[in-house]
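S.K.: If it helps, the file is called my_file15.cif and holds mmCIF, C-alpha atoms:
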data_structure
loop_
_atom_site.label_atom_id
_atom_site.label_comp_id
_atom_site.auth_asym_id
_atom_site.auth_seq_id
_atom_site.Cartn_x
_atom_site.Cartn_y
_atom_site.Cartn_z
CA MET H 1 13.64 15.51 -0.29
CA SER H 2 10.34 14.13 0.88
CA SER H 3 9.31 10.50 1.00
CA PRO H 4 6.45 9.61 -1.37
CA GLN H 5 3.08 8.80 0.18
CA ILE H 6 1.50 5.45 -0.54
CA GLU H 7 -1.95 6.08 -2.00
CA HIS H 8 -3.24 2.53 -2.41
CA LEU H 9 -2.51 -0.94 -1.07
CA SER H 10 -4.25 -4.16 -2.04
CA TRP H 11 -3.15 -7.77 -2.41
CA GLY H 12 -0.22 -7.74 -4.84
CA ARG H 13 -0.40 -4.01 -5.58
CA LEU H 14 0.95 -0.84 -4.03
CA GLU H 15 0.65 2.60 -5.61
CA THR H 16 2.55 5.77 -4.69
CA GLU H 17 1.24 9.30 -4.97
CA SER H 18 3.13 9.74 -8.25
CA GLY H 19 1.18 6.85 -9.78
CA GLN H 20 3.99 4.29 -9.67
CA THR H 21 2.71 0.78 -9.03
CA PHE H 22 4.60 -2.14 -7.54
CA LYS H 23 4.04 -5.60 -6.11
CA ASP H 24 6.76 -5.01 -3.51
CA ALA H 25 8.31 -1.59 -3.07
CA LYS H 26 11.23 0.30 -1.65
CA CYS H 27 10.23 3.85 -0.72
CA PHE H 28 12.75 6.44 0.45
CA PRO H 29 13.37 10.18 0.58
CA GLY H 30 13.16 11.32 -3.03
CA GLY H 31 11.52 8.32 -4.62
CA ALA H 32 10.45 4.72 -4.84
CA ARG H 33 11.25 1.64 -6.89
CA ALA H 34 10.36 -2.02 -7.16
CA TRP H 35 11.79 -4.20 -4.41
CA ASP H 36 13.28 -7.17 -6.25
CA TRP H 37 14.01 -9.87 -3.69
CA ASN H 38 16.35 -11.59 -6.14
CA GLU H 39 18.86 -8.73 -5.80
CA THR H 40 19.74 -9.84 -2.27
CA GLY H 41 18.40 -13.38 -2.04
CA THR H 42 15.52 -12.40 0.21
CA ARG H 43 12.95 -15.08 0.99
CA HIS H 44 10.15 -15.21 3.54
CA THR H 45 12.56 -17.09 5.78
CA PRO H 46 15.07 -15.90 6.99
CA GLY H 47 13.55 -12.64 5.81
CA ILE H 48 14.58 -9.08 5.04
CA GLN H 49 18.34 -8.85 4.52
CA PRO H 50 20.61 -5.97 5.66
CA ALA H 51 21.30 -5.23 1.98
CA ASP H 52 17.55 -4.71 1.38
CA ALA H 53 17.53 -1.79 3.81
CA GLU H 54 20.94 -0.38 2.89
CA GLU H 55 19.60 1.57 -0.10
CA LEU H 56 17.08 3.33 2.15
CA VAL H 57 19.89 4.54 4.40
CA GLU H 58 21.91 5.65 1.37
CA HIS H 59 18.95 7.81 0.32
CA GLY H 60 18.93 9.52 3.72
CA ALA H 61 16.22 7.64 5.64
CA GLN H 62 16.47 8.35 9.36
CA VAL H 63 13.64 5.96 10.21
CA VAL H 64 12.76 2.77 8.32
CA VAL H 65 9.46 0.89 8.31
CA LEU H 66 9.76 -2.80 7.47
CA SER H 67 6.58 -4.63 6.49
CA THR H 68 6.07 -8.31 7.23
CA GLY H 69 3.38 -8.95 4.62
CA ILE H 70 -0.42 -8.93 4.71
CA ASN H 71 -0.44 -12.27 6.53
CA GLU H 72 2.87 -11.56 8.34
CA ARG H 73 4.80 -14.33 6.60
CA LEU H 74 7.90 -12.24 5.86
CA GLN H 75 10.50 -12.32 8.60
CA VAL H 76 13.23 -9.79 9.38
CA LYS H 77 16.77 -10.98 9.99
CA PRO H 78 18.12 -9.70 13.33
CA GLU H 79 21.24 -8.58 11.45
CA THR H 80 19.07 -6.15 9.47
CA LEU H 81 17.87 -4.44 12.62
CA ASP H 82 21.43 -4.43 13.98
CA ALA H 83 22.75 -2.80 10.78
CA LEU H 84 20.10 -0.08 10.90
CA ASP H 85 20.87 0.55 14.56
CA GLU H 86 24.58 0.86 13.76
CA HIS H 87 23.69 3.60 11.25
CA GLY H 88 21.60 5.39 13.89
CA VAL H 89 18.40 4.64 11.97
CA ASP H 90 15.24 3.82 13.91
CA ALA H 91 13.39 0.74 12.63
CA GLU H 92 9.76 -0.30 12.99
CA VAL H 93 8.58 -3.78 11.98
CA LEU H 94 4.84 -3.96 11.25
CA GLN H 95 2.23 -5.95 9.36
CA THR H 96 1.90 -4.44 5.87
CA GLU H 97 -1.31 -2.43 6.28
CA ARG H 98 -0.06 -1.02 9.58
CA ALA H 99 3.36 -0.41 8.04
CA VAL H 100 1.82 1.65 5.22
CA GLU H 101 -0.20 3.71 7.73
CA ARG H 102 2.87 4.35 9.87
CA TYR H 103 5.07 5.17 6.89
CA ASN H 104 2.50 7.64 5.54
CA GLN H 105 2.17 9.23 8.97
CA LEU H 106 5.94 9.74 9.23
CA ALA H 107 6.20 10.99 5.63
CA GLY H 108 3.29 13.38 6.29
CA GLU H 109 5.19 14.79 9.26
CA GLY H 110 8.10 15.54 6.92
CA ARG H 111 10.35 12.85 8.40
CA ALA H 112 13.08 11.27 6.28
CA VAL H 113 11.41 7.85 6.20
CA GLY H 114 12.13 4.78 4.14
CA GLY H 115 10.09 1.62 3.83
CA LEU H 116 10.17 -1.89 2.48
CA PHE H 117 6.69 -3.08 1.59
CA HIS H 118 5.61 -6.64 0.79
CA SER H 119 2.06 -6.56 -0.61
CA THR H 120 1.19 -10.25 -0.41
CA CYS H 121 1.53 -13.00 2.17
#
Could you show the structure in this file as structure tokens?

M.R.:
Amino acid sequence: MSSPQIEHLSWGRLETESGQTFKDAKCFPGGARAWDWNETGTRHTPGIQPADAEELVEHGAQVVVLSTGINERLQVKPETLDALDEHGVDAEVLQTERAVERYNQLAGEGRAVGGLFHSTC
């Protein structure tokens, strides 16, 4: 299954190639859904939790792109990177616009890529 391309990104809005729109999104091989921070207790600090990325691995992502927000306010817990490494999943942490570009590049190459995208601060 391919990972959906992200067609549009602006402050507070991300749109996938299938027309789905989100404020924050989880994208993975075979689909995408809203990223609800309340599911795992994610906050800007301490940042992206291991459980946030777990679903991407479950969907077969072999590389994961983690976005830190437009203004890079979202942190990533070191335990999240450790958990991905333990699963043999490569992780890239990038500012949101760069994260979307990198994710789309990997998806366009046919890679099994997942991403967590924060479309505001």

S.K.: Would you translate the PyMOL selection byres ((chain H and resi 121) around 12) into the concrete set of residues it matches in this file, as a PyMOL selection string?

M.R.: chain H and resi 10-12+23-24+43-44+67-75+95-97+117-120

S.K.: Export, as a PDB file, in the coordinates of the input, the selected residues with C-alpha atoms.

M.R.:
ATOM      1  CA  SER H  10      -4.250  -4.160  -2.040  1.00  0.00           C
ATOM      2  CA  TRP H  11      -3.150  -7.770  -2.410  1.00  0.00           C
ATOM      3  CA  GLY H  12      -0.220  -7.740  -4.840  1.00  0.00           C
ATOM      4  CA  LYS H  23       4.040  -5.600  -6.110  1.00  0.00           C
ATOM      5  CA  ASP H  24       6.760  -5.010  -3.510  1.00  0.00           C
ATOM      6  CA  ARG H  43      12.950 -15.080   0.990  1.00  0.00           C
ATOM      7  CA  HIS H  44      10.150 -15.210   3.540  1.00  0.00           C
ATOM      8  CA  SER H  67       6.580  -4.630   6.490  1.00  0.00           C
ATOM      9  CA  THR H  68       6.070  -8.310   7.230  1.00  0.00           C
ATOM     10  CA  GLY H  69       3.380  -8.950   4.620  1.00  0.00           C
ATOM     11  CA  ILE H  70      -0.420  -8.930   4.710  1.00  0.00           C
ATOM     12  CA  ASN H  71      -0.440 -12.270   6.530  1.00  0.00           C
ATOM     13  CA  GLU H  72       2.870 -11.560   8.340  1.00  0.00           C
ATOM     14  CA  ARG H  73       4.800 -14.330   6.600  1.00  0.00           C
ATOM     15  CA  LEU H  74       7.900 -12.240   5.860  1.00  0.00           C
ATOM     16  CA  GLN H  75      10.500 -12.320   8.600  1.00  0.00           C
ATOM     17  CA  GLN H  95       2.230  -5.950   9.360  1.00  0.00           C
ATOM     18  CA  THR H  96       1.900  -4.440   5.870  1.00  0.00           C
ATOM     19  CA  GLU H  97      -1.310  -2.430   6.280  1.00  0.00           C
ATOM     20  CA  PHE H 117       6.690  -3.080   1.590  1.00  0.00           C
ATOM     21  CA  HIS H 118       5.610  -6.640   0.790  1.00  0.00           C
ATOM     22  CA  SER H 119       2.060  -6.560  -0.610  1.00  0.00           C
ATOM     23  CA  THR H 120       1.190 -10.250  -0.410  1.00  0.00           C
TER      24      THR H 120
END

S.K.: Expanded to explicit residues, what is the PyMOL selection byres ((chain H and resi 91) around 12) for this file, as an mmCIF file with C-alpha atoms, keeping the file's coordinate frame?

M.R.:
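Listed below is the output, expr_7.cif:
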data_model
loop_
_atom_site.group_PDB
_atom_site.id
_atom_site.type_symbol
_atom_site.label_atom_id
_atom_site.label_comp_id
_atom_site.auth_asym_id
_atom_site.auth_seq_id
_atom_site.Cartn_x
_atom_site.Cartn_y
_atom_site.Cartn_z
ATOM 1 C CA ALA H 53 17.530 -1.790 3.810
ATOM 2 C CA LEU H 56 17.080 3.330 2.150
ATOM 3 C CA VAL H 57 19.890 4.540 4.400
ATOM 4 C CA ALA H 61 16.220 7.640 5.640
ATOM 5 C CA GLN H 62 16.470 8.350 9.360
ATOM 6 C CA VAL H 63 13.640 5.960 10.210
ATOM 7 C CA VAL H 64 12.760 2.770 8.320
ATOM 8 C CA VAL H 65 9.460 0.890 8.310
ATOM 9 C CA LEU H 66 9.760 -2.800 7.470
ATOM 10 C CA SER H 67 6.580 -4.630 6.490
ATOM 11 C CA VAL H 76 13.230 -9.790 9.380
ATOM 12 C CA PRO H 78 18.120 -9.700 13.330
ATOM 13 C CA THR H 80 19.070 -6.150 9.470
ATOM 14 C CA LEU H 81 17.870 -4.440 12.620
ATOM 15 C CA ASP H 82 21.430 -4.430 13.980
ATOM 16 C CA ALA H 83 22.750 -2.800 10.780
ATOM 17 C CA LEU H 84 20.100 -0.080 10.900
ATOM 18 C CA ASP H 85 20.870 0.550 14.560
ATOM 19 C CA GLU H 86 24.580 0.860 13.760
ATOM 20 C CA HIS H 87 23.690 3.600 11.250
ATOM 21 C CA GLY H 88 21.600 5.390 13.890
ATOM 22 C CA VAL H 89 18.400 4.640 11.970
ATOM 23 C CA ASP H 90 15.240 3.820 13.910
ATOM 24 C CA GLU H 92 9.760 -0.300 12.990
ATOM 25 C CA VAL H 93 8.580 -3.780 11.980
ATOM 26 C CA LEU H 94 4.840 -3.960 11.250
ATOM 27 C CA ALA H 99 3.360 -0.410 8.040
ATOM 28 C CA ARG H 102 2.870 4.350 9.870
ATOM 29 C CA TYR H 103 5.070 5.170 6.890
ATOM 30 C CA VAL H 113 11.410 7.850 6.200
ATOM 31 C CA GLY H 114 12.130 4.780 4.140
ATOM 32 C CA GLY H 115 10.090 1.620 3.830
ATOM 33 C CA LEU H 116 10.170 -1.890 2.480
#

S.K.: Separation of CA of Trp37 in chain H and CA of Gly110 in chain H, in Å?

M.R.: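 A separation of 28.2 Å between them.
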
S.K.: I'd like to know which of H:His59, H:Pro29, H:Ile48, H:Gly19 is closest to Leu106 in chain H, using all atoms listed in the file.

M.R.: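 Result for the nearest residue to Leu106 in chain H: H:Pro29.
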
S.K.: Got a sec to check which residues sit within 9 Å of (11.6, 9.1, -3.8), counting only C-alpha atoms, and write them as a count of residues only?

M.R.: 12

S.K.: Suppose you want the space between CA of Val100 in chain H and CA of Asp36 in chain H; what is it in Å?

M.R.: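 Pair CA of Val100 in chain H / CA of Asp36 in chain H returns 18.5 Å.
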